[in-house]
>>> print(open('upload.json').read())   # JSON, C-alpha atoms
[["chain", "number", "residue", "atom", "x", "y", "z"],
["S", 14, "MET", "CA", -19.79, -2.53, 72.11],
["S", 15, "SER", "CA", -17.83, 0.66, 71.83],
["S", 16, "SER", "CA", -19.26, 3.76, 70.22],
["S", 17, "LYS", "CA", -16.31, 6.07, 70.71],
["S", 18, "ASN", "CA", -16.03, 9.26, 68.69],
["S", 19, "ILE", "CA", -19.62, 8.99, 67.55],
["S", 20, "HIS", "CA", -21.63, 12.17, 67.61],
["S", 21, "ALA", "CA", -24.84, 11.66, 69.56],
["S", 22, "ASN", "CA", -26.90, 13.15, 66.74],
["S", 23, "GLN", "CA", -25.24, 11.21, 63.94],
["S", 24, "LYS", "CA", -27.75, 9.26, 61.88],
["S", 25, "ILE", "CA", -25.88, 8.14, 58.76],
["S", 26, "PHE", "CA", -23.37, 5.29, 59.10],
["S", 27, "CYS", "CA", -21.34, 3.40, 56.52],
["S", 28, "ALA", "CA", -21.33, -0.34, 57.11],
["S", 29, "GLY", "CA", -20.15, -3.66, 55.70],
["S", 30, "PHE", "CA", -22.59, -6.60, 55.79],
["S", 31, "ASP", "CA", -21.58, -10.22, 55.23],
["S", 32, "ASN", "CA", -24.67, -12.41, 55.63],
["S", 33, "GLY", "CA", -22.86, -15.75, 55.60],
["S", 34, "TYR", "CA", -24.20, -19.30, 55.68],
["S", 35, "GLY", "CA", -22.49, -19.85, 59.01],
["S", 36, "SER", "CA", -22.35, -16.43, 60.62],
["S", 37, "VAL", "CA", -23.59, -12.90, 60.09],
["S", 38, "LYS", "CA", -20.90, -10.22, 60.21],
["S", 39, "LEU", "CA", -21.98, -6.57, 60.43],
["S", 40, "LEU", "CA", -19.41, -3.81, 60.86],
["S", 41, "VAL", "CA", -20.89, -0.33, 61.36],
["S", 42, "ASP", "CA", -18.41, 2.54, 61.26],
["S", 43, "GLY", "CA", -17.31, 3.44, 64.79],
["S", 44, "PHE", "CA", -18.67, 0.28, 66.44],
["S", 45, "ASP", "CA", -17.21, -3.14, 67.17],
["S", 46, "VAL", "CA", -17.97, -5.84, 64.63],
["S", 47, "VAL", "CA", -21.10, -7.92, 65.31],
["S", 48, "ARG", "CA", -20.44, -11.58, 64.53],
["S", 49, "ILE", "CA", -23.30, -13.94, 65.33],
["S", 50, "PRO", "CA", -24.43, -17.39, 64.12],
["S", 51, "SER", "CA", -26.80, -17.20, 61.12],
["S", 52, "TYR", "CA", -29.74, -18.56, 63.14],
["S", 53, "ILE", "CA", -33.30, -17.25, 63.31],
["S", 54, "SER", "CA", -35.82, -18.39, 65.95],
["S", 55, "ARG", "CA", -39.52, -17.52, 66.14],
["S", 56, "GLU", "CA", -39.87, -18.66, 69.74],
["S", 57, "ASP", "CA", -41.07, -16.26, 72.46],
["S", 58, "MET", "CA", -38.12, -14.63, 74.18],
["S", 59, "GLU", "CA", -37.26, -11.67, 76.33],
["S", 60, "ASP", "CA", -35.84, -8.49, 74.75],
["S", 61, "VAL", "CA", -32.39, -10.02, 74.37],
["S", 62, "PRO", "CA", -29.67, -8.88, 71.96],
["S", 63, "GLY", "CA", -30.79, -10.01, 68.50],
["S", 64, "ARG", "CA", -34.51, -9.71, 69.29],
["S", 65, "VAL", "CA", -36.45, -8.12, 66.39],
["S", 66, "VAL", "CA", -40.17, -7.33, 66.28],
["S", 67, "PHE", "CA", -41.09, -6.26, 62.78],
["S", 68, "ASN", "CA", -44.16, -6.29, 60.51],
["S", 69, "GLY", "CA", -46.22, -8.15, 63.10],
["S", 70, "ASN", "CA", -43.62, -10.92, 63.50],
["S", 71, "ALA", "CA", -41.02, -11.53, 66.20],
["S", 72, "TYR", "CA", -37.60, -13.09, 65.60],
["S", 73, "THR", "CA", -34.47, -13.76, 67.58],
["S", 74, "VAL", "CA", -31.27, -13.71, 65.53],
["S", 75, "GLY", "CA", -27.89, -15.10, 66.57],
["S", 76, "GLU", "CA", -26.72, -17.09, 69.56],
["S", 77, "SER", "CA", -29.90, -16.45, 71.55],
["S", 78, "ALA", "CA", -31.84, -18.34, 68.85],
["S", 79, "PHE", "CA", -29.69, -21.38, 69.65],
["S", 80, "ARG", "CA", -30.11, -20.83, 73.38],
["S", 81, "THR", "CA", -33.91, -21.21, 73.18],
["S", 82, "GLY", "CA", -33.27, -24.95, 72.84],
["S", 83, "TYR", "CA", -36.01, -25.19, 70.20],
["S", 84, "TYR", "CA", -36.08, -25.31, 66.41],
["S", 85, "PHE", "CA", -34.44, -22.40, 64.59],
["S", 86, "GLU", "CA", -33.81, -21.71, 60.93],
["S", 87, "ARG", "CA", -30.21, -21.52, 59.69],
["S", 88, "ASN", "CA", -28.90, -19.71, 56.61],
["S", 89, "THR", "CA", -27.01, -22.85, 55.70],
["S", 90, "ASP", "CA", -30.28, -24.83, 55.42],
["S", 91, "SER", "CA", -31.02, -23.37, 51.97],
["S", 92, "ASN", "CA", -29.03, -21.61, 49.24],
["S", 93, "ILE", "CA", -31.61, -18.82, 48.98],
["S", 94, "ASN", "CA", -31.63, -18.02, 52.73],
["S", 95, "LYS", "CA", -28.71, -15.61, 52.34],
["S", 96, "VAL", "CA", -31.01, -13.44, 50.22],
["S", 97, "ASN", "CA", -34.45, -14.12, 51.71],
["S", 98, "ASN", "CA", -33.32, -13.72, 55.33],
["S", 99, "ALA", "CA", -31.02, -10.76, 54.69],
["S", 100, "LEU", "CA", -33.22, -8.02, 56.18],
["S", 101, "ILE", "CA", -34.07, -10.06, 59.29],
["S", 102, "THR", "CA", -30.44, -10.98, 59.95],
["S", 103, "LEU", "CA", -29.33, -7.37, 59.33],
["S", 104, "LEU", "CA", -31.90, -6.06, 61.84],
["S", 105, "GLY", "CA", -30.92, -8.87, 64.24],
["S", 106, "ALA", "CA", -27.27, -7.81, 64.01],
["S", 107, "LEU", "CA", -28.27, -4.16, 64.65],
["S", 108, "ALA", "CA", -30.17, -5.40, 67.72],
["S", 109, "HIS", "CA", -26.77, -6.38, 69.19],
["S", 110, "LEU", "CA", -25.49, -2.78, 69.06],
["S", 111, "PRO", "CA", -26.25, 0.05, 71.50],
["S", 112, "HIS", "CA", -29.75, 1.38, 70.85],
["S", 113, "ARG", "CA", -30.17, 4.35, 68.54],
["S", 114, "LYS", "CA", -33.46, 6.00, 67.59],
["S", 115, "VAL", "CA", -32.31, 6.40, 63.99],
["S", 116, "TRP", "CA", -30.02, 4.27, 61.85],
["S", 117, "HIS", "CA", -29.41, 5.25, 58.22],
["S", 118, "LEU", "CA", -27.06, 2.55, 56.93],
["S", 119, "LYS", "CA", -25.09, 2.93, 53.71],
["S", 120, "LEU", "CA", -24.13, -0.68, 53.05],
["S", 121, "VAL", "CA", -21.74, -2.62, 50.92],
["S", 122, "VAL", "CA", -22.87, -6.25, 50.98],
["S", 123, "SER", "CA", -21.14, -9.44, 49.88],
["S", 124, "LEU", "CA", -23.03, -12.26, 48.19],
["S", 125, "HIS", "CA", -22.02, -15.73, 47.00],
["S", 126, "ASP", "CA", -24.00, -15.34, 43.75],
["S", 127, "VAL", "CA", -23.98, -11.78, 42.38],
["S", 128, "ALA", "CA", -26.65, -12.82, 39.86],
["S", 129, "LEU", "CA", -29.03, -12.41, 42.84],
["S", 130, "THR", "CA", -27.99, -8.78, 43.40],
["S", 131, "LYS", "CA", -31.33, -7.33, 42.26],
["S", 132, "GLU", "CA", -33.33, -9.61, 44.60],
["S", 133, "LEU", "CA", -31.02, -8.83, 47.52],
["S", 134, "CYS", "CA", -31.31, -5.07, 46.99],
["S", 135, "GLN", "CA", -35.11, -5.32, 46.80],
["S", 136, "ILE", "CA", -35.19, -7.14, 50.14],
["S", 137, "LEU", "CA", -32.75, -4.81, 51.93],
["S", 138, "ASN", "CA", -33.42, -1.32, 50.56],
["S", 139, "GLY", "CA", -36.11, 0.67, 52.34],
["S", 140, "GLU", "CA", -37.25, 2.36, 55.53],
["S", 141, "TYR", "CA", -38.39, 0.28, 58.52],
["S", 142, "GLN", "CA", -39.60, 0.77, 62.10],
["S", 143, "PRO", "CA", -38.57, -2.38, 63.99],
["S", 144, "MET", "CA", -38.29, -2.95, 67.72],
["S", 145, "LEU", "CA", -34.64, -3.87, 68.28],
["S", 146, "ALA", "CA", -33.99, -5.61, 71.62],
["S", 147, "GLY", "CA", -37.18, -4.02, 72.93],
["S", 148, "LYS", "CA", -36.67, -0.45, 71.70],
["S", 149, "LEU", "CA", -38.12, 1.26, 68.63],
["S", 150, "SER", "CA", -35.73, 2.41, 65.90],
["S", 151, "ASP", "CA", -36.19, 4.09, 62.53],
["S", 152, "VAL", "CA", -33.94, 2.15, 60.16],
["S", 153, "LYS", "CA", -33.16, 3.20, 56.61],
["S", 154, "VAL", "CA", -31.10, 0.78, 54.51],
["S", 155, "GLU", "CA", -29.35, 1.93, 51.35],
["S", 156, "VAL", "CA", -27.27, -0.67, 49.49],
["S", 157, "LEU", "CA", -24.37, 1.10, 47.77],
["S", 158, "LYS", "CA", -22.91, -2.00, 46.15],
["S", 159, "VAL", "CA", -23.07, -5.80, 46.16],
["S", 160, "VAL", "CA", -19.73, -7.58, 45.67],
["S", 161, "PRO", "CA", -18.76, -11.26, 45.35],
["S", 162, "GLU", "CA", -18.05, -13.19, 48.56],
["S", 163, "GLY", "CA", -14.52, -12.68, 49.84],
["S", 164, "MET", "CA", -13.73, -9.56, 47.76],
["S", 165, "GLY", "CA", -13.91, -7.37, 50.86],
["S", 166, "ALA", "CA", -10.97, -9.23, 52.39],
["S", 167, "LEU", "CA", -8.74, -7.97, 49.56],
["S", 168, "PHE", "CA", -9.91, -4.35, 49.50],
["S", 169, "GLY", "CA", -7.26, -1.83, 50.48],
["S", 170, "ARG", "CA", -4.51, -4.46, 50.65],
["S", 171, "LYS", "CA", -1.41, -4.33, 48.50],
["S", 172, "LEU", "CA", -2.03, -7.35, 46.28],
["S", 173, "PRO", "CA", 0.77, -9.36, 44.73],
["S", 174, "LYS", "CA", 0.83, -9.48, 40.93],
["S", 175, "LYS", "CA", -0.33, -13.09, 41.00],
["S", 176, "LEU", "CA", -2.64, -14.21, 43.79],
["S", 177, "THR", "CA", -4.83, -17.20, 44.61],
["S", 178, "VAL", "CA", -7.35, -17.03, 47.47],
["S", 179, "VAL", "CA", -9.23, -19.95, 49.05],
["S", 180, "ASP", "CA", -12.19, -18.99, 51.26],
["S", 181, "PHE", "CA", -13.01, -21.85, 53.64],
["S", 182, "GLY", "CA", -16.60, -20.93, 54.49],
["S", 183, "ASN", "CA", -19.44, -22.70, 56.28],
["S", 184, "GLY", "CA", -21.56, -23.50, 53.22],
["S", 185, "THR", "CA", -19.04, -23.22, 50.41],
["S", 186, "THR", "CA", -15.31, -23.31, 49.70],
["S", 187, "LEU", "CA", -14.38, -20.61, 47.16],
["S", 188, "TYR", "CA", -11.32, -20.80, 44.92],
["S", 189, "SER", "CA", -10.31, -17.52, 43.21],
["S", 190, "ARG", "CA", -7.32, -16.39, 41.15],
["S", 191, "TYR", "CA", -6.26, -12.80, 40.55],
["S", 192, "PHE", "CA", -3.80, -11.24, 38.14],
["S", 193, "GLN", "CA", -2.72, -7.63, 38.73],
["S", 194, "GLY", "CA", -5.68, -7.16, 41.07],
["S", 195, "LYS", "CA", -8.33, -8.43, 38.62],
["S", 196, "ARG", "CA", -10.16, -11.67, 39.32],
["S", 197, "GLU", "CA", -9.80, -14.23, 36.53],
["S", 198, "VAL", "CA", -11.14, -17.43, 38.10],
["S", 199, "HIS", "CA", -13.89, -17.92, 40.69],
["S", 200, "THR", "CA", -15.01, -21.48, 41.44],
["S", 201, "PRO", "CA", -17.37, -22.32, 44.32],
["S", 202, "TYR", "CA", -17.28, -25.83, 45.81],
["S", 203, "ALA", "CA", -20.48, -26.70, 47.66],
["S", 204, "ALA", "CA", -18.67, -28.37, 50.53],
["S", 205, "GLY", "CA", -17.89, -26.06, 53.39],
["S", 206, "VAL", "CA", -17.43, -26.71, 57.09],
["S", 207, "GLU", "CA", -21.11, -27.70, 57.37],
["S", 208, "VAL", "CA", -20.32, -30.97, 55.54],
["S", 209, "LEU", "CA", -17.64, -31.79, 58.11],
["S", 210, "ILE", "CA", -20.02, -30.99, 60.99],
["S", 211, "GLY", "CA", -22.72, -33.22, 59.42],
["S", 212, "GLU", "CA", -20.30, -36.15, 59.23],
["S", 213, "ILE", "CA", -19.24, -35.70, 62.85],
["S", 214, "ALA", "CA", -22.91, -35.63, 63.90],
["S", 215, "LYS", "CA", -23.50, -39.02, 62.22],
["S", 216, "LYS", "CA", -20.34, -40.69, 63.51],
["S", 217, "MET", "CA", -20.77, -39.67, 67.16],
["S", 218, "LYS", "CA", -24.07, -41.54, 67.68],
["S", 219, "HIS", "CA", -22.36, -44.22, 69.78],
["S", 220, "LEU", "CA", -21.13, -41.49, 72.16],
["S", 221, "ASN", "CA", -24.48, -39.72, 72.24],
["S", 222, "GLY", "CA", -26.91, -42.44, 73.33],
["S", 223, "GLY", "CA", -27.58, -43.53, 69.74],
["S", 224, "LYS", "CA", -28.68, -40.04, 68.65],
["S", 225, "LEU", "CA", -27.16, -37.81, 65.99],
["S", 226, "GLY", "CA", -24.99, -35.03, 67.36],
["S", 227, "ASP", "CA", -26.45, -31.53, 67.50],
["S", 228, "LEU", "CA", -24.94, -29.60, 64.55],
["S", 229, "SER", "CA", -24.92, -26.27, 66.39],
["S", 230, "LYS", "CA", -23.26, -27.73, 69.49],
["S", 231, "ILE", "CA", -20.54, -29.33, 67.33],
["S", 232, "ARG", "CA", -19.99, -26.05, 65.52],
["S", 233, "PHE", "CA", -19.88, -24.13, 68.78],
["S", 234, "CYS", "CA", -17.14, -26.26, 70.35],
["S", 235, "LEU", "CA", -15.02, -26.24, 67.16],
["S", 236, "GLU", "CA", -15.33, -22.44, 66.94],
["S", 237, "MET", "CA", -14.14, -22.28, 70.54],
["S", 238, "GLY", "CA", -11.06, -24.21, 69.37],
["S", 239, "HIS", "CA", -11.70, -27.53, 71.19],
["S", 240, "THR", "CA", -13.55, -30.84, 70.79],
["S", 241, "LYS", "CA", -15.55, -31.01, 74.05],
["S", 242, "TYR", "CA", -19.10, -31.48, 72.74],
["S", 243, "SER", "CA", -20.44, -31.47, 76.30],
["S", 244, "ARG", "CA", -19.18, -31.98, 79.83],
["S", 245, "ASP", "CA", -19.17, -35.75, 79.27],
["S", 246, "ILE", "CA", -18.46, -36.12, 75.53],
["S", 247, "ASP", "CA", -15.17, -35.39, 73.77],
["S", 248, "ILE", "CA", -15.33, -35.87, 69.98],
["S", 249, "LYS", "CA", -11.57, -35.51, 69.41],
["S", 250, "ASP", "CA", -10.99, -38.91, 67.74],
["S", 251, "ILE", "CA", -14.12, -38.62, 65.57],
["S", 252, "TYR", "CA", -13.19, -35.06, 64.62],
["S", 253, "THR", "CA", -9.66, -36.12, 63.58],
["S", 254, "THR", "CA", -11.02, -38.95, 61.39],
["S", 255, "CYS", "CA", -13.78, -36.80, 59.85],
["S", 256, "LEU", "CA", -11.38, -33.91, 59.19],
["S", 257, "LYS", "CA", -9.12, -36.22, 57.16],
["S", 258, "ASP", "CA", -12.09, -37.65, 55.22],
["S", 259, "TRP", "CA", -13.56, -34.19, 54.59],
["S", 260, "TYR", "CA", -10.23, -32.92, 53.33],
["S", 261, "GLU", "CA", -9.65, -35.92, 51.05],
["S", 262, "SER", "CA", -13.22, -35.92, 49.66],
["S", 263, "TYR", "CA", -13.89, -32.20, 49.26],
["S", 264, "LEU", "CA", -10.99, -29.87, 49.93],
["S", 265, "LYS", "CA", -8.11, -31.64, 48.26],
["S", 266, "LYS", "CA", -9.10, -30.36, 44.82],
["S", 267, "PRO", "CA", -9.23, -26.58, 45.61],
["S", 268, "VAL", "CA", -6.18, -26.85, 47.89],
["S", 269, "ASN", "CA", -4.20, -28.71, 45.20],
["S", 270, "LEU", "CA", -5.26, -26.11, 42.61],
["S", 271, "ALA", "CA", -3.92, -23.43, 44.95],
["S", 272, "LEU", "CA", -0.66, -25.33, 45.43],
["S", 273, "ASP", "CA", -0.32, -25.65, 41.62],
["S", 274, "ALA", "CA", -0.86, -21.88, 41.39],
["S", 275, "LYS", "CA", 1.86, -21.37, 44.01],
["S", 276, "HIS", "CA", 4.17, -23.44, 41.81],
["S", 277, "GLN", "CA", 3.35, -20.98, 38.99],
["S", 278, "GLY", "CA", 4.38, -18.01, 41.13],
["S", 279, "ASP", "CA", 1.14, -17.07, 42.90],
["S", 280, "GLU", "CA", 0.97, -16.10, 46.55],
["S", 281, "ILE", "CA", -1.73, -18.22, 48.17],
["S", 282, "TRP", "CA", -3.98, -16.72, 50.83],
["S", 283, "ALA", "CA", -6.63, -18.36, 53.01],
["S", 284, "ILE", "CA", -9.69, -16.70, 54.57],
["S", 285, "GLY", "CA", -12.96, -17.88, 56.15],
["S", 286, "GLY", "CA", -13.81, -19.56, 59.43],
["S", 287, "GLY", "CA", -12.65, -22.98, 58.23],
["S", 288, "CYS", "CA", -9.03, -21.74, 58.48],
["S", 289, "LEU", "CA", -9.34, -21.78, 62.25],
["S", 290, "LEU", "CA", -10.54, -25.37, 62.68],
["S", 291, "PRO", "CA", -8.40, -27.19, 65.27],
["S", 292, "GLY", "CA", -5.36, -28.65, 63.49],
["S", 293, "PHE", "CA", -6.38, -27.40, 60.04],
["S", 294, "LYS", "CA", -4.74, -23.99, 60.31],
["S", 295, "LYS", "CA", -1.39, -25.70, 60.96],
["S", 296, "LEU", "CA", -1.83, -27.89, 57.86],
["S", 297, "LEU", "CA", -2.53, -24.84, 55.67],
["S", 298, "ILE", "CA", 0.50, -22.95, 56.97],
["S", 299, "GLN", "CA", 2.71, -26.01, 56.43],
["S", 300, "ASN", "CA", 1.53, -26.05, 52.79],
["S", 301, "GLY", "CA", 2.54, -22.42, 52.25],
["S", 302, "PHE", "CA", -0.78, -20.63, 52.72],
["S", 303, "GLU", "CA", -0.76, -17.20, 54.31],
["S", 304, "ILE", "CA", -3.77, -17.01, 56.61],
["S", 305, "LEU", "CA", -5.04, -13.44, 56.65],
["S", 306, "GLU", "CA", -5.27, -11.76, 60.01],
["S", 307, "ASN", "CA", -8.77, -12.23, 61.46],
["S", 308, "PRO", "CA", -9.86, -14.50, 58.54],
["S", 309, "VAL", "CA", -13.52, -14.68, 59.62],
["S", 310, "GLU", "CA", -14.12, -10.93, 59.77],
["S", 311, "ALA", "CA", -11.60, -9.75, 57.14],
["S", 312, "ASN", "CA", -14.35, -9.60, 54.51],
["S", 313, "SER", "CA", -16.66, -7.34, 56.57],
["S", 314, "TYR", "CA", -13.78, -4.97, 57.42],
["S", 315, "GLY", "CA", -13.09, -4.54, 53.69],
["S", 316, "LEU", "CA", -16.78, -4.06, 52.90],
["S", 317, "LEU", "CA", -16.92, -1.17, 55.38],
["S", 318, "GLN", "CA", -13.84, 0.42, 53.79],
["S", 319, "MET", "CA", -15.52, 0.08, 50.36],
["S", 320, "ALA", "CA", -18.67, 1.80, 51.68],
["S", 321, "LYS", "CA", -16.61, 4.68, 53.06],
["S", 322, "ALA", "CA", -14.70, 5.04, 49.79],
["S", 323, "ILE", "CA", -17.95, 5.14, 47.75],
["S", 324, "VAL", "CA", -19.49, 7.77, 50.05],
["S", 325, "MET", "CA", -16.33, 9.90, 49.90],
["S", 326, "THR", "CA", -16.29, 9.72, 46.09],
["S", 327, "VAL", "CA", -19.96, 10.73, 45.86],
["S", 328, "ASN", "CA", -19.46, 13.62, 48.31],
["S", 329, "SER", "CA", -16.24, 14.97, 46.79]]
>>> encode(input="upload.json", output="structure tokens")
Amino acid sequence: MSSKNIHANQKIFCAGFDNGYGSVKLLVDGFDVVRIPSYISREDMEDVPGRVVFNGNAYTVGESAFRTGYYFERNTDSNINKVNNALITLLGALAHLPHRKVWHLKLVVSLHDVALTKELCQILNGEYQPMLAGKLSDVKVEVLKVVPEGMGALFGRKLPKKLTVVDFGNGTTLYSRYFQGKREVHTPYAAGVEVLIGEIAKKMKHLNGGKLGDLSKIRFCLEMGHTKYSRDIDIKDIYTTCLKDWYESYLKKPVNLALDAKHQGDEIWAIGGGCLLPGFKKLLIQNGFEILENPVEANSYGLLQMAKAIVMTVNS
């Protein structure tokens, strides 16, 4: 992690926080983005990146939770986890950055359901003294704003007059339409990449000694851009079949809506980790989608820019 141009005594940092179903993205001004799986383990572990000891409880957040080999909680397991787990996953993301004695974070946060803004702010706002990767920190969290999922990806960009955006996320697929920069339509479809992974897990039993595939291992290999589930198991054929079924059953509707919008003069943009699934990116491009640069982290980059803009406005 780089911390260039950061004054040693600086305490206040703007940040963008995207606590997704699939992965947590935290971008603190001046540091590299932290992108980790939305996993929380309560197993005993060393003081690894993502280790948080807080309020008498110990957690490991991110890839190390998966590496324990034991049960871990995932954001995608429940709709409310994005809110209830937000402070733990935020602290877990901080525990991946170089240690600082004091963090005062001024956050802009994205949320799938902005009706839960009040609950999210109550969970995040406050002053805490956690151990982060084995070292004590004073952490103050101040939520400046909560915005709908995906809005960060558009912030600061020159938007076309008519725009449709499809966010291919882990838990949900979001379809949004904008006119002159204002959002007019926002429809969530509860069928993200997790549904595809679940189908692969069921269909690979014959390759896996009669057992369901491990969801996290399937996700990991797909995120790495291949289909090698393990040294001995390649799920390429199953993946290809399941991808077609998933698209036909769940994604065809929002994609067709976007293509209809294109016919009406909209530019169509795609964001979210689902864009990068092997073979799927090519299909989207062939259909006229523009895939935003860095589609997984584009939202968190915009959230940070929003935080900086709010702080500048307040201070000017």
>>> residues_around(input="upload.json", residues="range 133-148 of chain S", least_positions_apart="3", cutoff="7 Å", atoms="all atoms listed in the file", output="PyMOL selection string")
chain S and resi 60-67+96+99-100+108+129-130+151-156
>>> residues_around(input="upload.json", residues="range 47-59 of chain S", least_positions_apart="5", cutoff="10 Å", atoms="all atoms listed in the file", output="ChimeraX atom specification")
/S:14,30-41,64-65,70-90,94-95,98,101-102,105-110,146-147,229,232-233,309-310,313
>>> residues_around(input="upload.json", residues="range 278-291 of chain S", least_positions_apart="6", cutoff="6 Å", atoms="only C-alpha atoms", output="PyMOL selection string")
chain S and resi 175-182+238+302-304+308-309
>>> closest_residue(input="upload.json", among="S:Gly211, S:Gly169, S:Gly315, S:Gly69", to="Gly194 in chain S", atoms="all atoms listed in the file")
S:Gly169
>>> residues_near_point(input="upload.json", point="(-24.9, -12.0, 44.2)", cutoff="12 Å", atoms="only C-alpha atoms", output="PyMOL selection string")
chain S and resi 31-32+92-93+95-96+121-134+158-164
>>> residues_around(input="upload.json", residues="Ala322 in chain S", least_positions_apart="5", cutoff="12 Å", atoms="only C-alpha atoms", output="count of residues only")
16
>>> residues_around(input="upload.json", residues="range 21-25 of chain S", least_positions_apart="5", cutoff="9 Å", atoms="all atoms listed in the file", output="mmCIF file with C-alpha atoms, keeping the file's coordinate frame")
data_model
loop_
_atom_site.group_PDB
_atom_site.id
_atom_site.type_symbol
_atom_site.label_atom_id
_atom_site.label_comp_id
_atom_site.auth_asym_id
_atom_site.auth_seq_id
_atom_site.Cartn_x
_atom_site.Cartn_y
_atom_site.Cartn_z
ATOM 1 C CA ARG S 113 -30.170 4.350 68.540
ATOM 2 C CA LYS S 114 -33.460 6.000 67.590
ATOM 3 C CA VAL S 115 -32.310 6.400 63.990
ATOM 4 C CA TRP S 116 -30.020 4.270 61.850
ATOM 5 C CA HIS S 117 -29.410 5.250 58.220
ATOM 6 C CA LEU S 118 -27.060 2.550 56.930
ATOM 7 C CA LYS S 119 -25.090 2.930 53.710
#
>>> atom_distance(input="upload.json", atom1="CA of Ala274 in chain S", atom2="CA of Leu305 in chain S")
17.9 Å
>>> closest_residue(input="upload.json", among="S:Leu167, S:Ile213, S:Leu104, S:Leu270", to="Ala311 in chain S", atoms="all atoms listed in the file")
S:Leu167
>>> atom_distance(input="upload.json", atom1="CA of Asn300 in chain S", atom2="CA of Thr253 in chain S")
18.5 Å
>>> atom_distance(input="upload.json", atom1="CA of Lys216 in chain S", atom2="CA of Pro267 in chain S")
25.4 Å
>>> closest_residue(input="upload.json", among="S:Pro173, S:Gly165, S:Gly43, S:Pro111", to="Gln318 in chain S", atoms="only C-alpha atoms")
S:Gly165
>>> closest_residue(input="upload.json", among="S:Asp258, S:Gly223, S:Lys171, S:Lys230", to="Gln193 in chain S", atoms="all atoms listed in the file")
S:Lys171
>>> residues_near_point(input="upload.json", point="(-17.4, -27.4, 70.3)", cutoff="12 Å", atoms="all atoms listed in the file", output="JSON, numbers by chain")
{"S": [210, 213, 214, 226, 227, 228, 229, 230, 231, 232, 233, 234, 235, 236, 237, 238, 239, 240, 241, 242, 243, 244, 246, 247, 248, 249, 252, 290, 291]}
>>> build_atoms(input="upload.json", residues="range 40-44 of chain S", atoms="all heavy atoms", output="mmCIF file, in the coordinates of the input")
data_model
loop_
_atom_site.group_PDB
_atom_site.id
_atom_site.type_symbol
_atom_site.label_atom_id
_atom_site.label_comp_id
_atom_site.auth_asym_id
_atom_site.auth_seq_id
_atom_site.Cartn_x
_atom_site.Cartn_y
_atom_site.Cartn_z
ATOM 1 N N LEU S 40 -20.358 -4.773 60.302
ATOM 2 C CA LEU S 40 -19.410 -3.810 60.860
ATOM 3 C C LEU S 40 -19.901 -2.406 60.510
ATOM 4 O O LEU S 40 -19.850 -1.987 59.346
ATOM 5 C CB LEU S 40 -18.008 -4.049 60.292
ATOM 6 C CG LEU S 40 -16.911 -3.142 60.847
ATOM 7 C CD1 LEU S 40 -16.830 -3.203 62.373
ATOM 8 C CD2 LEU S 40 -15.563 -3.492 60.238
ATOM 9 N N VAL S 41 -20.421 -1.702 61.516
ATOM 10 C CA VAL S 41 -20.890 -0.330 61.360
ATOM 11 C C VAL S 41 -19.768 0.598 61.792
ATOM 12 O O VAL S 41 -19.137 0.371 62.834
ATOM 13 C CB VAL S 41 -22.160 -0.085 62.210
ATOM 14 C CG1 VAL S 41 -22.646 1.358 62.063
ATOM 15 C CG2 VAL S 41 -23.275 -1.057 61.806
ATOM 16 N N ASP S 42 -19.523 1.627 60.990
ATOM 17 C CA ASP S 42 -18.410 2.540 61.260
ATOM 18 C C ASP S 42 -18.475 3.100 62.683
ATOM 19 O O ASP S 42 -19.485 3.659 63.097
ATOM 20 C CB ASP S 42 -18.468 3.692 60.238
ATOM 21 C CG ASP S 42 -17.194 4.520 60.249
ATOM 22 O OD1 ASP S 42 -16.155 3.999 60.688
ATOM 23 O OD2 ASP S 42 -17.252 5.690 59.814
ATOM 24 N N GLY S 43 -17.386 2.918 63.427
ATOM 25 C CA GLY S 43 -17.310 3.440 64.790
ATOM 26 C C GLY S 43 -17.726 2.458 65.870
ATOM 27 O O GLY S 43 -17.575 2.743 67.055
ATOM 28 N N PHE S 44 -18.249 1.296 65.471
ATOM 29 C CA PHE S 44 -18.670 0.280 66.440
ATOM 30 C C PHE S 44 -17.814 -0.971 66.290
ATOM 31 O O PHE S 44 -17.154 -1.165 65.271
ATOM 32 C CB PHE S 44 -20.144 -0.092 66.234
ATOM 33 C CG PHE S 44 -21.106 1.011 66.569
ATOM 34 C CD1 PHE S 44 -21.435 1.971 65.632
ATOM 35 C CD2 PHE S 44 -21.684 1.090 67.826
ATOM 36 C CE1 PHE S 44 -22.319 2.996 65.931
ATOM 37 C CE2 PHE S 44 -22.570 2.111 68.139
ATOM 38 C CZ PHE S 44 -22.886 3.067 67.186
#
